[in-house]
$ cat my_file18.cif   # mmCIF, C-alpha atoms and all ligand atoms; chains and numbers go by the auth columns
data_target
loop_
_atom_site.group_PDB
_atom_site.id
_atom_site.type_symbol
_atom_site.label_atom_id
_atom_site.label_comp_id
_atom_site.label_asym_id
_atom_site.label_seq_id
_atom_site.Cartn_x
_atom_site.Cartn_y
_atom_site.Cartn_z
_atom_site.B_iso_or_equiv
_atom_site.auth_seq_id
_atom_site.auth_asym_id
ATOM 1 C CA MET A 1 12.830 -9.127 -20.716 0.00 1 A
ATOM 2 C CA SER A 2 12.210 -5.585 -19.461 0.00 2 A
ATOM 3 C CA ALA A 3 11.444 -5.011 -15.778 0.00 3 A
ATOM 4 C CA ALA A 4 7.885 -4.057 -16.686 0.00 4 A
ATOM 5 C CA ALA A 5 7.350 -7.180 -18.783 0.00 5 A
ATOM 6 C CA GLN A 6 8.832 -9.282 -15.992 0.00 6 A
ATOM 7 C CA LEU A 7 6.439 -7.688 -13.533 0.00 7 A
ATOM 8 C CA ALA A 8 3.467 -8.427 -15.749 0.00 8 A
ATOM 9 C CA SER A 9 4.510 -12.019 -16.370 0.00 9 A
ATOM 10 C CA THR A 10 4.704 -12.896 -12.669 0.00 10 A
ATOM 11 C CA ALA A 11 1.615 -10.985 -11.590 0.00 11 A
ATOM 12 C CA PRO A 12 -1.720 -12.308 -10.391 0.00 12 A
ATOM 13 C CA GLU A 13 -4.638 -11.269 -12.584 0.00 13 A
ATOM 14 C CA HIS A 14 -5.403 -8.091 -10.666 0.00 14 A
ATOM 15 C CA ARG A 15 -3.448 -5.961 -8.283 0.00 15 A
ATOM 16 C CA ARG A 16 -4.423 -3.177 -5.935 0.00 16 A
ATOM 17 C CA LEU A 17 -2.154 -0.312 -6.920 0.00 17 A
ATOM 18 C CA PHE A 18 -1.320 3.293 -6.258 0.00 18 A
ATOM 19 C CA PHE A 19 1.314 5.844 -7.185 0.00 19 A
ATOM 20 C CA ALA A 20 3.151 7.346 -4.255 0.00 20 A
ATOM 21 C CA LEU A 21 6.099 9.325 -3.069 0.00 21 A
ATOM 22 C CA TRP A 22 8.283 6.642 -1.573 0.00 22 A
ATOM 23 C CA PRO A 23 10.916 7.415 1.081 0.00 23 A
ATOM 24 C CA ASP A 24 14.398 5.923 0.906 0.00 24 A
ATOM 25 C CA ALA A 25 15.818 4.329 4.070 0.00 25 A
ATOM 26 C CA ALA A 26 17.321 7.579 5.371 0.00 26 A
ATOM 27 C CA LEU A 27 14.114 9.547 4.910 0.00 27 A
ATOM 28 C CA ARG A 28 12.083 6.706 6.409 0.00 28 A
ATOM 29 C CA ALA A 29 14.267 6.870 9.530 0.00 29 A
ATOM 30 C CA ARG A 30 13.732 10.645 9.749 0.00 30 A
ATOM 31 C CA LEU A 31 9.973 10.183 9.364 0.00 31 A
ATOM 32 C CA VAL A 32 9.928 7.738 12.271 0.00 32 A
ATOM 33 C CA GLU A 33 12.080 10.039 14.371 0.00 33 A
ATOM 34 C CA THR A 34 9.910 13.068 13.610 0.00 34 A
ATOM 35 C CA PHE A 35 6.433 11.564 13.709 0.00 35 A
ATOM 36 C CA GLY A 36 6.790 8.259 15.580 0.00 36 A
ATOM 37 C CA ALA A 37 5.611 9.649 18.887 0.00 37 A
ATOM 38 C CA ALA A 38 2.534 11.316 17.355 0.00 38 A
ATOM 39 C CA ALA A 39 1.667 8.039 15.606 0.00 39 A
ATOM 40 C CA ALA A 40 2.124 6.007 18.776 0.00 40 A
ATOM 41 C CA VAL A 41 -0.221 8.104 20.915 0.00 41 A
ATOM 42 C CA ALA A 42 -2.846 8.763 18.211 0.00 42 A
ATOM 43 C CA GLY A 43 -5.183 6.152 19.665 0.00 43 A
ATOM 44 C CA GLY A 44 -5.516 4.010 16.537 0.00 44 A
ATOM 45 C CA ARG A 45 -3.268 1.652 14.618 0.00 45 A
ATOM 46 C CA ALA A 46 0.078 3.274 13.895 0.00 46 A
ATOM 47 C CA VAL A 47 1.247 2.773 10.314 0.00 47 A
ATOM 48 C CA HIS A 48 4.234 0.422 10.243 0.00 48 A
ATOM 49 C CA PRO A 49 7.434 2.343 9.390 0.00 49 A
ATOM 50 C CA ASP A 50 7.928 0.191 6.270 0.00 50 A
ATOM 51 C CA ASN A 51 4.532 1.349 4.994 0.00 51 A
ATOM 52 C CA LEU A 52 5.030 5.116 5.326 0.00 52 A
ATOM 53 C CA HIS A 53 4.403 6.900 2.020 0.00 53 A
ATOM 54 C CA VAL A 54 2.544 9.809 0.466 0.00 54 A
ATOM 55 C CA THR A 55 -0.192 8.651 -1.892 0.00 55 A
ATOM 56 C CA LEU A 56 -0.354 10.555 -5.171 0.00 56 A
ATOM 57 C CA GLU A 57 -3.114 8.572 -6.847 0.00 57 A
ATOM 58 C CA PHE A 58 -4.950 5.461 -5.726 0.00 58 A
ATOM 59 C CA LEU A 59 -6.002 3.223 -8.626 0.00 59 A
ATOM 60 C CA GLY A 60 -7.700 0.331 -6.877 0.00 60 A
ATOM 61 C CA SER A 61 -7.764 -3.060 -8.558 0.00 61 A
ATOM 62 C CA VAL A 62 -5.914 -3.002 -11.892 0.00 62 A
ATOM 63 C CA ALA A 63 -5.540 -5.800 -14.425 0.00 63 A
ATOM 64 C CA SER A 64 -1.952 -7.053 -14.377 0.00 64 A
ATOM 65 C CA SER A 65 -1.919 -6.801 -18.155 0.00 65 A
ATOM 66 C CA ARG A 66 -1.770 -3.022 -17.659 0.00 66 A
ATOM 67 C CA LEU A 67 1.307 -3.026 -15.421 0.00 67 A
ATOM 68 C CA ALA A 68 3.687 -2.313 -18.268 0.00 68 A
ATOM 69 C CA GLU A 69 1.624 0.729 -19.251 0.00 69 A
ATOM 70 C CA LEU A 70 1.742 2.023 -15.676 0.00 70 A
ATOM 71 C CA ALA A 71 5.480 1.380 -15.540 0.00 71 A
ATOM 72 C CA SER A 72 6.121 3.433 -18.648 0.00 72 A
ATOM 73 C CA LEU A 73 3.874 6.184 -17.332 0.00 73 A
ATOM 74 C CA GLY A 74 5.867 6.246 -14.090 0.00 74 A
ATOM 75 C CA GLU A 75 9.087 6.266 -16.061 0.00 75 A
ATOM 76 C CA ALA A 76 7.906 9.279 -18.060 0.00 76 A
ATOM 77 C CA THR A 77 6.839 11.231 -14.963 0.00 77 A
ATOM 78 C CA HIS A 78 9.493 13.667 -13.797 0.00 78 A
ATOM 79 C CA LEU A 79 9.486 14.781 -10.223 0.00 79 A
ATOM 80 C CA PRO A 80 9.965 18.517 -9.807 0.00 80 A
ATOM 81 C CA THR A 81 12.653 19.983 -7.597 0.00 81 A
ATOM 82 C CA ALA A 82 10.426 20.720 -4.648 0.00 82 A
ATOM 83 C CA ASP A 83 9.783 19.789 -1.034 0.00 83 A
ATOM 84 C CA LEU A 84 6.664 18.596 0.668 0.00 84 A
ATOM 85 C CA SER A 85 6.830 20.493 3.912 0.00 85 A
ATOM 86 C CA LEU A 86 5.082 18.333 6.505 0.00 86 A
ATOM 87 C CA ASP A 87 4.334 20.889 9.187 0.00 87 A
ATOM 88 C CA THR A 88 0.876 20.090 10.583 0.00 88 A
ATOM 89 C CA LEU A 89 -0.668 17.251 12.556 0.00 89 A
ATOM 90 C CA GLU A 90 -4.282 16.716 11.606 0.00 90 A
ATOM 91 C CA TRP A 91 -7.113 14.435 12.558 0.00 91 A
ATOM 92 C CA TRP A 92 -9.355 13.444 9.663 0.00 92 A
ATOM 93 C CA PRO A 93 -12.403 12.054 11.511 0.00 93 A
ATOM 94 C CA ARG A 94 -14.226 10.628 8.499 0.00 94 A
ATOM 95 C CA PRO A 95 -11.510 8.256 7.286 0.00 95 A
ATOM 96 C CA ALA A 96 -10.381 8.154 10.958 0.00 96 A
ATOM 97 C CA LEU A 97 -6.781 9.060 10.189 0.00 97 A
ATOM 98 C CA ARG A 98 -4.038 10.849 12.040 0.00 98 A
ATOM 99 C CA VAL A 99 -1.929 12.482 9.363 0.00 99 A
ATOM 100 C CA ALA A 100 1.006 14.803 8.982 0.00 100 A
ATOM 101 C CA GLY A 101 -0.092 17.437 6.516 0.00 101 A
ATOM 102 C CA THR A 102 1.129 20.647 5.066 0.00 102 A
ATOM 103 C CA SER A 103 0.078 24.245 5.543 0.00 103 A
ATOM 104 C CA ARG A 104 1.660 25.230 2.236 0.00 104 A
ATOM 105 C CA PRO A 105 1.574 22.541 -0.436 0.00 105 A
ATOM 106 C CA ALA A 106 4.177 23.180 -3.105 0.00 106 A
ATOM 107 C CA GLY A 107 2.539 24.216 -6.371 0.00 107 A
ATOM 108 C CA ALA A 108 4.917 21.950 -8.247 0.00 108 A
ATOM 109 C CA LEU A 109 3.670 18.931 -6.280 0.00 109 A
ATOM 110 C CA LEU A 110 0.024 19.841 -6.907 0.00 110 A
ATOM 111 C CA ASP A 111 0.782 20.259 -10.618 0.00 111 A
ATOM 112 C CA LEU A 112 2.570 16.921 -10.755 0.00 112 A
ATOM 113 C CA GLN A 113 -0.329 15.127 -9.098 0.00 113 A
ATOM 114 C CA ALA A 114 -2.905 16.846 -11.306 0.00 114 A
ATOM 115 C CA GLN A 115 -0.981 15.868 -14.418 0.00 115 A
ATOM 116 C CA LEU A 116 -0.621 12.276 -13.249 0.00 116 A
ATOM 117 C CA ARG A 117 -4.338 12.051 -12.431 0.00 117 A
ATOM 118 C CA LEU A 118 -5.261 13.539 -15.790 0.00 118 A
ATOM 119 C CA THR A 119 -3.056 11.136 -17.734 0.00 119 A
ATOM 120 C CA LEU A 120 -4.297 8.127 -15.770 0.00 120 A
ATOM 121 C CA GLY A 121 -7.909 9.193 -16.242 0.00 121 A
ATOM 122 C CA GLU A 122 -7.413 9.693 -19.978 0.00 122 A
ATOM 123 C CA ARG A 123 -6.077 6.158 -20.222 0.00 123 A
ATOM 124 C CA GLY A 124 -9.116 4.760 -18.484 0.00 124 A
ATOM 125 C CA PHE A 125 -7.662 4.082 -15.043 0.00 125 A
ATOM 126 C CA ARG A 126 -9.927 4.781 -12.112 0.00 126 A
ATOM 127 C CA VAL A 127 -8.834 7.925 -10.317 0.00 127 A
ATOM 128 C CA ASP A 128 -10.018 9.685 -7.197 0.00 128 A
ATOM 129 C CA SER A 129 -12.636 12.391 -7.656 0.00 129 A
ATOM 130 C CA ARG A 130 -11.706 14.124 -4.417 0.00 130 A
ATOM 131 C CA ALA A 131 -9.272 17.022 -4.318 0.00 131 A
ATOM 132 C CA PHE A 132 -5.708 15.924 -3.674 0.00 132 A
ATOM 133 C CA ARG A 133 -4.549 16.770 -0.163 0.00 133 A
ATOM 134 C CA PRO A 134 -0.916 15.780 0.255 0.00 134 A
ATOM 135 C CA HIS A 135 -0.452 13.957 3.553 0.00 135 A
ATOM 136 C CA LEU A 136 1.485 11.263 5.333 0.00 136 A
ATOM 137 C CA THR A 137 -0.830 8.874 7.160 0.00 137 A
ATOM 138 C CA LEU A 138 0.573 8.144 10.627 0.00 138 A
ATOM 139 C CA ALA A 139 -2.257 6.090 12.151 0.00 139 A
ATOM 140 C CA ARG A 140 -5.566 4.584 11.089 0.00 140 A
ATOM 141 C CA GLU A 141 -8.776 3.862 12.970 0.00 141 A
ATOM 142 C CA VAL A 142 -8.301 6.988 15.031 0.00 142 A
ATOM 143 C CA ARG A 143 -11.881 7.386 16.210 0.00 143 A
ATOM 144 C CA ALA A 144 -11.481 10.187 18.750 0.00 144 A
ATOM 145 C CA THR A 145 -9.519 13.414 18.861 0.00 145 A
ATOM 146 C CA PRO A 146 -5.899 12.406 19.365 0.00 146 A
ATOM 147 C CA PRO A 147 -3.917 13.982 22.185 0.00 147 A
ATOM 148 C CA LEU A 148 -1.962 17.073 21.299 0.00 148 A
ATOM 149 C CA THR A 149 1.660 16.492 20.517 0.00 149 A
ATOM 150 C CA ARG A 150 4.337 18.902 19.487 0.00 150 A
ATOM 151 C CA VAL A 151 4.190 19.626 15.759 0.00 151 A
ATOM 152 C CA ALA A 152 7.505 18.764 14.270 0.00 152 A
ATOM 153 C CA ARG A 153 8.389 19.780 10.742 0.00 153 A
ATOM 154 C CA LEU A 154 10.022 17.732 8.078 0.00 154 A
ATOM 155 C CA ASP A 155 10.760 18.751 4.514 0.00 155 A
ATOM 156 C CA TRP A 156 10.340 15.753 2.215 0.00 156 A
ATOM 157 C CA SER A 157 12.386 16.363 -0.874 0.00 157 A
ATOM 158 C CA LEU A 158 10.560 14.845 -3.860 0.00 158 A
ATOM 159 C CA THR A 159 13.191 12.389 -4.929 0.00 159 A
ATOM 160 C CA GLU A 160 11.389 9.149 -5.596 0.00 160 A
ATOM 161 C CA LEU A 161 8.150 8.151 -7.269 0.00 161 A
ATOM 162 C CA ALA A 162 6.883 4.582 -6.907 0.00 162 A
ATOM 163 C CA LEU A 163 4.167 2.305 -8.187 0.00 163 A
ATOM 164 C CA VAL A 164 3.023 0.502 -5.073 0.00 164 A
ATOM 165 C CA GLU A 165 0.974 -2.630 -4.490 0.00 165 A
ATOM 166 C CA SER A 166 -1.283 -2.921 -1.471 0.00 166 A
ATOM 167 C CA HIS A 167 -1.701 -6.431 -0.064 0.00 167 A
ATOM 168 C CA ALA A 168 -4.367 -7.272 2.472 0.00 168 A
ATOM 169 C CA ASP A 169 -2.716 -8.545 5.606 0.00 169 A
ATOM 170 C CA ALA A 170 -3.950 -9.822 8.981 0.00 170 A
ATOM 171 C CA GLY A 171 -2.775 -6.564 10.546 0.00 171 A
ATOM 172 C CA GLY A 172 -4.203 -4.317 7.800 0.00 172 A
ATOM 173 C CA SER A 173 -2.320 -3.588 4.585 0.00 173 A
ATOM 174 C CA ARG A 174 1.245 -4.156 3.523 0.00 174 A
ATOM 175 C CA TYR A 175 2.755 -2.120 0.728 0.00 175 A
ATOM 176 C CA THR A 176 5.363 -3.175 -1.786 0.00 176 A
ATOM 177 C CA ALA A 177 6.982 -0.778 -4.227 0.00 177 A
ATOM 178 C CA LEU A 178 6.820 -2.664 -7.543 0.00 178 A
ATOM 179 C CA ALA A 179 8.816 -0.034 -9.394 0.00 179 A
ATOM 180 C CA ARG A 180 10.701 2.994 -8.156 0.00 180 A
ATOM 181 C CA TRP A 181 11.847 6.001 -10.136 0.00 181 A
ATOM 182 C CA PRO A 182 14.426 8.153 -8.384 0.00 182 A
ATOM 183 C CA ARG A 183 14.705 11.666 -9.780 0.00 183 A
HETATM 184 O O1 LIG B . -2.069 7.793 1.763 0.00 1 B
HETATM 185 P P1 LIG B . -3.034 7.066 2.594 0.00 1 B
HETATM 186 O O2 LIG B . -2.387 6.027 3.462 0.00 1 B
HETATM 187 O O3 LIG B . -3.927 7.982 3.361 0.00 1 B
HETATM 188 O O4 LIG B . -6.355 5.424 2.236 0.00 1 B
HETATM 189 C C1 LIG B . -5.613 4.661 1.333 0.00 1 B
HETATM 190 C C2 LIG B . -4.139 4.956 1.394 0.00 1 B
HETATM 191 O O5 LIG B . -3.968 6.334 1.535 0.00 1 B
HETATM 192 C C3 LIG B . -5.922 5.104 -0.070 0.00 1 B
HETATM 193 O O6 LIG B . -4.812 4.728 -0.837 0.00 1 B
HETATM 194 C C4 LIG B . -3.686 4.594 -0.003 0.00 1 B
HETATM 195 C C5 LIG B . -3.110 3.224 -0.131 0.00 1 B
HETATM 196 O O7 LIG B . -4.038 2.259 0.247 0.00 1 B
HETATM 197 N N1 LIG B . -7.148 4.502 -0.561 0.00 1 B
HETATM 198 C C6 LIG B . -7.601 3.261 -0.321 0.00 1 B
HETATM 199 N N2 LIG B . -8.779 3.060 -0.946 0.00 1 B
HETATM 200 C C7 LIG B . -9.061 4.213 -1.605 0.00 1 B
HETATM 201 C C8 LIG B . -10.116 4.643 -2.447 0.00 1 B
HETATM 202 N N3 LIG B . -11.140 3.848 -2.747 0.00 1 B
HETATM 203 C C9 LIG B . -8.020 5.138 -1.354 0.00 1 B
HETATM 204 N N4 LIG B . -8.005 6.359 -1.866 0.00 1 B
HETATM 205 C C10 LIG B . -9.040 6.717 -2.645 0.00 1 B
HETATM 206 N N5 LIG B . -10.067 5.895 -2.938 0.00 1 B
#
$ encode --input "my_file18.cif" --output "structure tokens"
Amino acid sequence: MSAAAQLASTAPEHRRLFFALWPDAALRARLVETFGAAAAVAGGRAVHPDNLHVTLEFLGSVASSRLAELASLGEATHLPTADLSLDTLEWWPRPALRVAGTSRPAGALLDLQAQLRLTLGERGFRVDSRAFRPHLTLAREVRATPPLTRVARLDWSLTELALVESHADAGGSRYTALARWPR
């Protein structure tokens, strides 16, 4: 049985899914080292290190019968040789997030995301109507301007795409990469 078929056969009826850039253990450690302090003092709920990711497209609740289709779409998506340069710390008051953002999003990343969104939309998946703003969420429920912290920079080399499931948890959400596609 293929990995995708196995996934589908063990799945509940619907899953809350998104495509993301997923850090390997080494990158995850660098993210914590670089942004941990900013997350800790942001005044909200710091994202657990295991949950750090960059969302490419949030799909919401998807029928498990479509997992195999998403897996083959992920498989067919090729990450460009590019970096996401995380070089800003921003407060997004409306979703109440502290995020690490970028002052110069790589065109190749924007193209990749646009293509992914287009393909998903054409296949009838629900996609976001808002413009894609690449970011790494550091803390949620940040309801007031966070204290200033030194802006550190980290270049995230686009090496791994993942299809991720979001589970509701007592402490918020927990994310599990269902499938990962290293470049
Ligand atoms: O990358 P971040 O952590 O900012 O905010 C949610 C999170 O993004 C976003 O998808 C990621 C995984 O949960 N998200 C949740 N609900 C959403 C929605 N209805 C959403 N994005 C767009 N529309």
$ residues_around --input "my_file18.cif" --residues "Glu165 in chain A" --least-positions-apart "6" --cutoff "7 Å" --atoms "only C-alpha atoms" --output "JSON list (two decimals) with C-alpha atoms, in the coordinates of the input"
[["chain", "number", "residue", "atom", "x", "y", "z"],
["A", 15, "ARG", "CA", -3.45, -5.96, -8.28],
["A", 16, "ARG", "CA", -4.42, -3.18, -5.94],
["A", 17, "LEU", "CA", -2.15, -0.31, -6.92],
["A", 18, "PHE", "CA", -1.32, 3.29, -6.26],
["A", 175, "TYR", "CA", 2.76, -2.12, 0.73],
["A", 176, "THR", "CA", 5.36, -3.18, -1.79],
["A", 177, "ALA", "CA", 6.98, -0.78, -4.23],
["A", 178, "LEU", "CA", 6.82, -2.66, -7.54]]
$ resolve_selection --input "my_file18.cif" --expression "the PyMOL selection byres (((chain A and resi 28) around 12) and not hetatm)" --output "list in words"
Leu21, Trp22, Pro23, Asp24, Ala25, Ala26, Leu27, Ala29, Arg30, Leu31, Val32, Glu33, Thr34, Phe35, Gly36, His48, Pro49, Asp50, Asn51, Leu52, His53, Val54, Leu136, Leu154 and Trp156 of chain A
$ write_last_selection --input "my_file18.cif" --atoms "C-alpha atoms" --output "PDB file, in the frame of the given file"
ATOM      1  CA  LEU A  21       6.099   9.325  -3.069  1.00  0.00           C
ATOM      2  CA  TRP A  22       8.283   6.642  -1.573  1.00  0.00           C
ATOM      3  CA  PRO A  23      10.916   7.415   1.081  1.00  0.00           C
ATOM      4  CA  ASP A  24      14.398   5.923   0.906  1.00  0.00           C
ATOM      5  CA  ALA A  25      15.818   4.329   4.070  1.00  0.00           C
ATOM      6  CA  ALA A  26      17.321   7.579   5.371  1.00  0.00           C
ATOM      7  CA  LEU A  27      14.114   9.547   4.910  1.00  0.00           C
ATOM      8  CA  ALA A  29      14.267   6.870   9.530  1.00  0.00           C
ATOM      9  CA  ARG A  30      13.732  10.645   9.749  1.00  0.00           C
ATOM     10  CA  LEU A  31       9.973  10.183   9.364  1.00  0.00           C
ATOM     11  CA  VAL A  32       9.928   7.738  12.271  1.00  0.00           C
ATOM     12  CA  GLU A  33      12.080  10.039  14.371  1.00  0.00           C
ATOM     13  CA  THR A  34       9.910  13.068  13.610  1.00  0.00           C
ATOM     14  CA  PHE A  35       6.433  11.564  13.709  1.00  0.00           C
ATOM     15  CA  GLY A  36       6.790   8.259  15.580  1.00  0.00           C
ATOM     16  CA  HIS A  48       4.234   0.422  10.243  1.00  0.00           C
ATOM     17  CA  PRO A  49       7.434   2.343   9.390  1.00  0.00           C
ATOM     18  CA  ASP A  50       7.928   0.191   6.270  1.00  0.00           C
ATOM     19  CA  ASN A  51       4.532   1.349   4.994  1.00  0.00           C
ATOM     20  CA  LEU A  52       5.030   5.116   5.326  1.00  0.00           C
ATOM     21  CA  HIS A  53       4.403   6.900   2.020  1.00  0.00           C
ATOM     22  CA  VAL A  54       2.544   9.809   0.466  1.00  0.00           C
ATOM     23  CA  LEU A 136       1.485  11.263   5.333  1.00  0.00           C
ATOM     24  CA  LEU A 154      10.022  17.732   8.078  1.00  0.00           C
ATOM     25  CA  TRP A 156      10.340  15.753   2.215  1.00  0.00           C
TER      26      TRP A 156
END
$ resolve_selection --input "my_file18.cif" --expression "the PyMOL selection byres (((chain A and resi 66) around 10) and not hetatm)" --output "ChimeraX atom specification"
/A:4,8,14-15,62-65,67-71,125
$ resolve_selection --input "my_file18.cif" --expression "the PyMOL selection byres (((chain A and resi 78-83) around 12) and not hetatm)" --output "mmCIF file with C-alpha atoms, in the coordinates of the input"
data_model
loop_
_atom_site.group_PDB
_atom_site.id
_atom_site.type_symbol
_atom_site.label_atom_id
_atom_site.label_comp_id
_atom_site.auth_asym_id
_atom_site.auth_seq_id
_atom_site.Cartn_x
_atom_site.Cartn_y
_atom_site.Cartn_z
ATOM 1 C CA ALA A 20 3.151 7.346 -4.255
ATOM 2 C CA LEU A 21 6.099 9.325 -3.069
ATOM 3 C CA TRP A 22 8.283 6.642 -1.573
ATOM 4 C CA LEU A 56 -0.354 10.555 -5.171
ATOM 5 C CA SER A 72 6.121 3.433 -18.648
ATOM 6 C CA LEU A 73 3.874 6.184 -17.332
ATOM 7 C CA GLY A 74 5.867 6.246 -14.090
ATOM 8 C CA GLU A 75 9.087 6.266 -16.061
ATOM 9 C CA ALA A 76 7.906 9.279 -18.060
ATOM 10 C CA THR A 77 6.839 11.231 -14.963
ATOM 11 C CA LEU A 84 6.664 18.596 0.668
ATOM 12 C CA SER A 85 6.830 20.493 3.912
ATOM 13 C CA LEU A 86 5.082 18.333 6.505
ATOM 14 C CA ASP A 87 4.334 20.889 9.187
ATOM 15 C CA THR A 102 1.129 20.647 5.066
ATOM 16 C CA ARG A 104 1.660 25.230 2.236
ATOM 17 C CA PRO A 105 1.574 22.541 -0.436
ATOM 18 C CA ALA A 106 4.177 23.180 -3.105
ATOM 19 C CA GLY A 107 2.539 24.216 -6.371
ATOM 20 C CA ALA A 108 4.917 21.950 -8.247
ATOM 21 C CA LEU A 109 3.670 18.931 -6.280
ATOM 22 C CA LEU A 110 0.024 19.841 -6.907
ATOM 23 C CA ASP A 111 0.782 20.259 -10.618
ATOM 24 C CA LEU A 112 2.570 16.921 -10.755
ATOM 25 C CA GLN A 113 -0.329 15.127 -9.098
ATOM 26 C CA GLN A 115 -0.981 15.868 -14.418
ATOM 27 C CA LEU A 116 -0.621 12.276 -13.249
ATOM 28 C CA PRO A 134 -0.916 15.780 0.255
ATOM 29 C CA ARG A 153 8.389 19.780 10.742
ATOM 30 C CA LEU A 154 10.022 17.732 8.078
ATOM 31 C CA ASP A 155 10.760 18.751 4.514
ATOM 32 C CA TRP A 156 10.340 15.753 2.215
ATOM 33 C CA SER A 157 12.386 16.363 -0.874
ATOM 34 C CA LEU A 158 10.560 14.845 -3.860
ATOM 35 C CA THR A 159 13.191 12.389 -4.929
ATOM 36 C CA GLU A 160 11.389 9.149 -5.596
ATOM 37 C CA LEU A 161 8.150 8.151 -7.269
ATOM 38 C CA ALA A 162 6.883 4.582 -6.907
ATOM 39 C CA TRP A 181 11.847 6.001 -10.136
ATOM 40 C CA PRO A 182 14.426 8.153 -8.384
ATOM 41 C CA ARG A 183 14.705 11.666 -9.780
#
$ residues_near_ligand --input "my_file18.cif" --ligand "ligand LIG 1 (chain B)" --cutoff "6 Å" --atoms "only C-alpha atoms and all ligand atoms" --output "list in words"
Val54, Thr55, Phe58, Asp128 and Thr137 of chain A
$ closest_residue --input "my_file18.cif" --among "A:Gly101, A:Pro12, A:Pro95, A:Gly43" --to "Ala152 in chain A" --atoms "all atoms listed in the file"
A:Gly101
$ residues_around --input "my_file18.cif" --residues "Trp92 in chain A" --least-positions-apart "5" --cutoff "12 Å" --atoms "only C-alpha atoms" --output "NGL selection string"
:A and (42 or 97-101 or 133 or 135-146)
$ axis_aligned_box --input "my_file18.cif" --around "range 156-164 of chain A" --padding-each-side "5 Å" --output "AutoDock Vina command-line options"
--center_x 8.1 --center_y 8.4 --center_z -3.0 --size_x 20.2 --size_y 25.9 --size_z 20.4
$ atom_distance --input "my_file18.cif" --atom1 "CA of Thr88 in chain A" --atom2 "CA of Ala46 in chain A"
17.2 Å
$ atom_distance --input "my_file18.cif" --atom1 "CA of Glu122 in chain A" --atom2 "CA of Glu57 in chain A"
13.9 Å
$ closest_residue --input "my_file18.cif" --among "A:Ser166, A:Pro93, A:Ser129, A:Gly171" --to "Val47 in chain A" --atoms "all atoms listed in the file"
A:Gly171
$ atom_distance --input "my_file18.cif" --atom1 "CA of Arg126 in chain A" --atom2 "CA of Phe19 in chain A"
12.3 Å
$ closest_residue --input "my_file18.cif" --among "A:Ser173, A:Ser61, A:Thr119, A:Thr149" --to "Ala39 in chain A" --atoms "all atoms listed in the file"
A:Thr149
